[in-house]
Amino acid sequence: MTLLETLRGPHDLVRLDRAQLAELGAEIREFLVSTVTRTGGHLGPNLGVVELTLALHLEFDSPRDALLFDTGHQTYIHKLLTGRAAGFDRLRARGGLSGYPARAESAHDHIENSHASTALSYADGLTKADALTGRTDRHVVAVVGDGALTGGMAWEALNNIAAGRPRNLVIVVNDNGRSYAPTVGGLAEHLGRLRTTSAYEQVLRAGRRAAYGIPVAGEAVYRGLHGVKEGLKDLAAPQALFGDLGLKYLGPVDGHDLAALRSALAQARDFDGPVIVHALTRKGEGYAPAERDEADRFHGIGAVDPATGRPRSTGGRSWTAVFGEELTRIGHRRPDVVALTAAMRGPVGLDGFAAAYPGRVFDVGIAEQHAVTAAVGMSMGGLHPVVALYATFLNRAFDQVLLDAALHRAALTLVLDRAGVTGNDGPSHNGVWDLSVLQVVPGLRVAAPRDAATLRAELREAVEVTDGPTAVRFPKGPVPADIPAVDRHGPLDILARVGTGPADVLLVAVGATAGTCLGAAARISAGGGPGVTVVDPRWVVPVDPALVELASDHRLVVTVEDNSRSGGVGSAIAQALADADVDVPVRAHGVPRRFLDHASRDGILDELGLTERKLADSVRTACDRLVPWTAPVGRLTALTEGA
């Protein structure tokens with residue numbers, strides 16, 4: 001039985017000696033490589049925090065002491081040490097472990113954060129609550145890593161932490177020089193200087209090797225050397241950055257040296273007030289394919305061959321790749337087009353554009369708010385910025401979209417990758433709110449392409465708009481085969497007219513739901529069922545008058561979107577019909593107003609009824625409830641009560 005298999009909780013760590021702890025660290029890395037290369041997940045970040053997580057659980061008493069991980073994807077070792085190793089065979093799958101902290105899984109998970117730069121604010125609030133309620137029996141430890149300190153919210157929290165009374169708060173900066181790719185910005189450069197001016201760390205490592213060779217007194221000698229290092233550090237690299245905030249600073253410390261980490265964390269734990277421990281780690285540590293990956297050190301992977309690190313299957317071309325290729329073509333024709341990303345140049349498809357036009361890509365760090373408003377400034381200066389984000393992260397910049405971009409009628413384009421149901425990254429990463437929150441933004445136009453051809457076309461159209469912001473949204477995964485239109489109605493694409501009878505149903509396919517809607521239409525009309533017109537609006541916000549006109553020639557409008565039904569495209573179409581006095585009932589299919597558990601995209605869509613069969617059954621039932629056709633052509637009666 002391995003050491004890992006004997007662990008039932010973090011308290012079991014105290015019985016292990018130094019050699020056994022080193023053996024456990026090696027077992028954990030082997031376990032992670034074996035399991036995550038099968039399931040997919042955040043491998044690189046977790047390989048980099050093995051020793052750090054061991055040290056945290058050895059020096060603090062979880063769950064009494066609250067360990068808060070920011071970003072939340074670096075918690076796999078924390079899960080292993082808190083008794084959840086058995087769940088890793090179904091990591092990120094329905095019924096299995098979440099890829100992020102999850103309070104339903106364990107009392108050791110205090111927060112469910114998977115958006116970066118938030119843990120310090122949680123920590124500030126928790127320690128203030130402890131002070132006001134008289135609680136003194138715990139520490140709050142915020143582990144801030146993978147670029148989270150490039151987010152402005154983290155610095156808002158630090159400002160408040162420094163201004164408060166002394167609290168039992170330890171802040172661990174897991175500094176691996178990266179978020180997804182290498183971290184950028186002034187703070188990253190400052191931390192980089194601390195890293196590169198740390199010649200004393202090399203001296204310390206040599207001294208440690210010599211000290212531990214001394215019988216009995218070795219560890220005491222090492223602690224003395226560590227104290228000398230602290231003095232040398234103050235001469236070589238004064239820690240003005242945190243010191244000016246009034247925060248005690250310890251480090252930099254080798255984040256893969258368990259003894260050094262434990263020593264620093266013990267000092268921080270015993271200090272009366274907030275302390276920063278600066279740990280230098282290496283993303284992907286101990287796994288050669290990750291260490292060789294210059295792009296992102298295997299930040300997030302699908303299933304790969306553990307021996308080589310190569311994907312087990314290609315999965316086809318992705319929506320992201322199509323976007324990146326088309327933007328690069330646009331960039332050749334339009335020198336005013338520039339691109340911005342929030343620490344995710346590769347994941348959002350900008351690597352090709354960056355290679356072709358290196359001076360026209362701006363990585364702002366994990367700072368979506370700044371990205372949008374900086375883009376507004378670029379637009380005011382005569383450029384057309386393309387801001388590429390995951391749809392879920394757009395939520396963080398809503399105020400900037402509304403009052404900076406739209407109010408100023410700035411010509412910029414938001415490209416929202418992984419829109420809709422994304423699946424196994426869980427509730428915080430599903431992009432199912434963008435079409436709802438963007439509905440309220442005056443002057444904003446949103447396109448939802450259905451395939452590669454329409455993504456290219458709608459992106460070209462978006463960057464030609466000069467009187468306000470635009471957005472183009474598409475889902476995660478492989479792009480489907482192109483679906484040609486059979487006709488046009490104004491700016492709308494008619495994808496099919498199915499059935500031999502009257503066109504009773506107008507089926508509105510939003511973006512990537514087009515293929516599903518075509519399959520559902522065939523099922524609805526089979527055997528003499530209602531006639532169905534399938535339409536892709538292409539630009540879904542605002543509702544085009546041509547869609548209202550087309551709806552008036554049908555008895556029922558059915559909308560399908562992988563976005564929230566609350567305030568989504570279906571709601572907007574219903575409002576547009578009502579405003580035009582078109583008395584056509586609308587049945588909106590989409591995501592209910594709840595958080596979605598982690599599972600595959602297909603599994604979630606099936607659960608929500610967004611499949612060909614379930615949509616067809618729903619529409620047939622709605623048609624059965626329609627009263628007989630009595631109104632003139634072009635008008636409609638209503639659904640009977642209960643429809």
# chains A, B, ... in the order shown; residues from 1 in each chain; ligands from 1
$ residues_around --residues "A:Thr75" --least-positions-apart "4" --cutoff "8 Å" --atoms "only C-alpha atoms" --output "number ranges by chain"
A: 46, 69, 79, 99-101
$ write_last_selection --atoms "N, CA, C and O atoms" --output "PDB file, in the first residue's frame"
ATOM      1  N   ASN A  46      -1.095  22.062 -10.598  1.00  0.00           N
ATOM      2  CA  ASN A  46      -1.074  21.216  -9.411  1.00  0.00           C
ATOM      3  C   ASN A  46       0.269  20.523  -9.214  1.00  0.00           C
ATOM      4  O   ASN A  46       0.719  20.348  -8.076  1.00  0.00           O
ATOM      5  N   PHE A  69      -7.980  28.850  -1.669  1.00  0.00           N
ATOM      6  CA  PHE A  69      -7.096  28.739  -2.830  1.00  0.00           C
ATOM      7  C   PHE A  69      -7.579  29.638  -3.964  1.00  0.00           C
ATOM      8  O   PHE A  69      -8.730  29.570  -4.388  1.00  0.00           O
ATOM      9  N   LYS A  79      -7.275  18.242  -2.274  1.00  0.00           N
ATOM     10  CA  LYS A  79      -8.323  17.220  -2.283  1.00  0.00           C
ATOM     11  C   LYS A  79      -7.750  15.853  -1.899  1.00  0.00           C
ATOM     12  O   LYS A  79      -8.372  15.101  -1.142  1.00  0.00           O
ATOM     13  N   GLY A  99     -13.470  19.979 -10.395  1.00  0.00           N
ATOM     14  CA  GLY A  99     -12.110  20.418 -10.637  1.00  0.00           C
ATOM     15  C   GLY A  99     -11.727  21.639  -9.825  1.00  0.00           C
ATOM     16  O   GLY A  99     -10.606  22.145  -9.963  1.00  0.00           O
ATOM     17  N   TYR A 100     -12.616  22.100  -8.980  1.00  0.00           N
ATOM     18  CA  TYR A 100     -12.409  23.295  -8.157  1.00  0.00           C
ATOM     19  C   TYR A 100     -12.845  22.988  -6.724  1.00  0.00           C
ATOM     20  O   TYR A 100     -13.462  21.954  -6.467  1.00  0.00           O
ATOM     21  N   PRO A 101     -12.555  23.875  -5.776  1.00  0.00           N
ATOM     22  CA  PRO A 101     -13.099  23.668  -4.430  1.00  0.00           C
ATOM     23  C   PRO A 101     -14.618  23.540  -4.485  1.00  0.00           C
ATOM     24  O   PRO A 101     -15.273  24.240  -5.260  1.00  0.00           O
TER      25      PRO A 101
END
$ residues_around --residues "stretch 569-571 of chain A" --least-positions-apart "4" --cutoff "7 Å" --atoms "only C-alpha atoms" --output "list of chain:residue names"
A:Leu435, A:Val540, A:Thr559, A:Arg565, A:Gln575, A:Ala588
$ residues_around --residues "A:Asp417" --least-positions-apart "4" --cutoff "6 Å" --atoms "only C-alpha atoms" --output "list in words"
Tyr390, Ala391 and Phe474 of chain A
$ atom_distance --atom1 "atom CA of A:Ala503" --atom2 "atom CA of A:Arg555"
7.8 Å
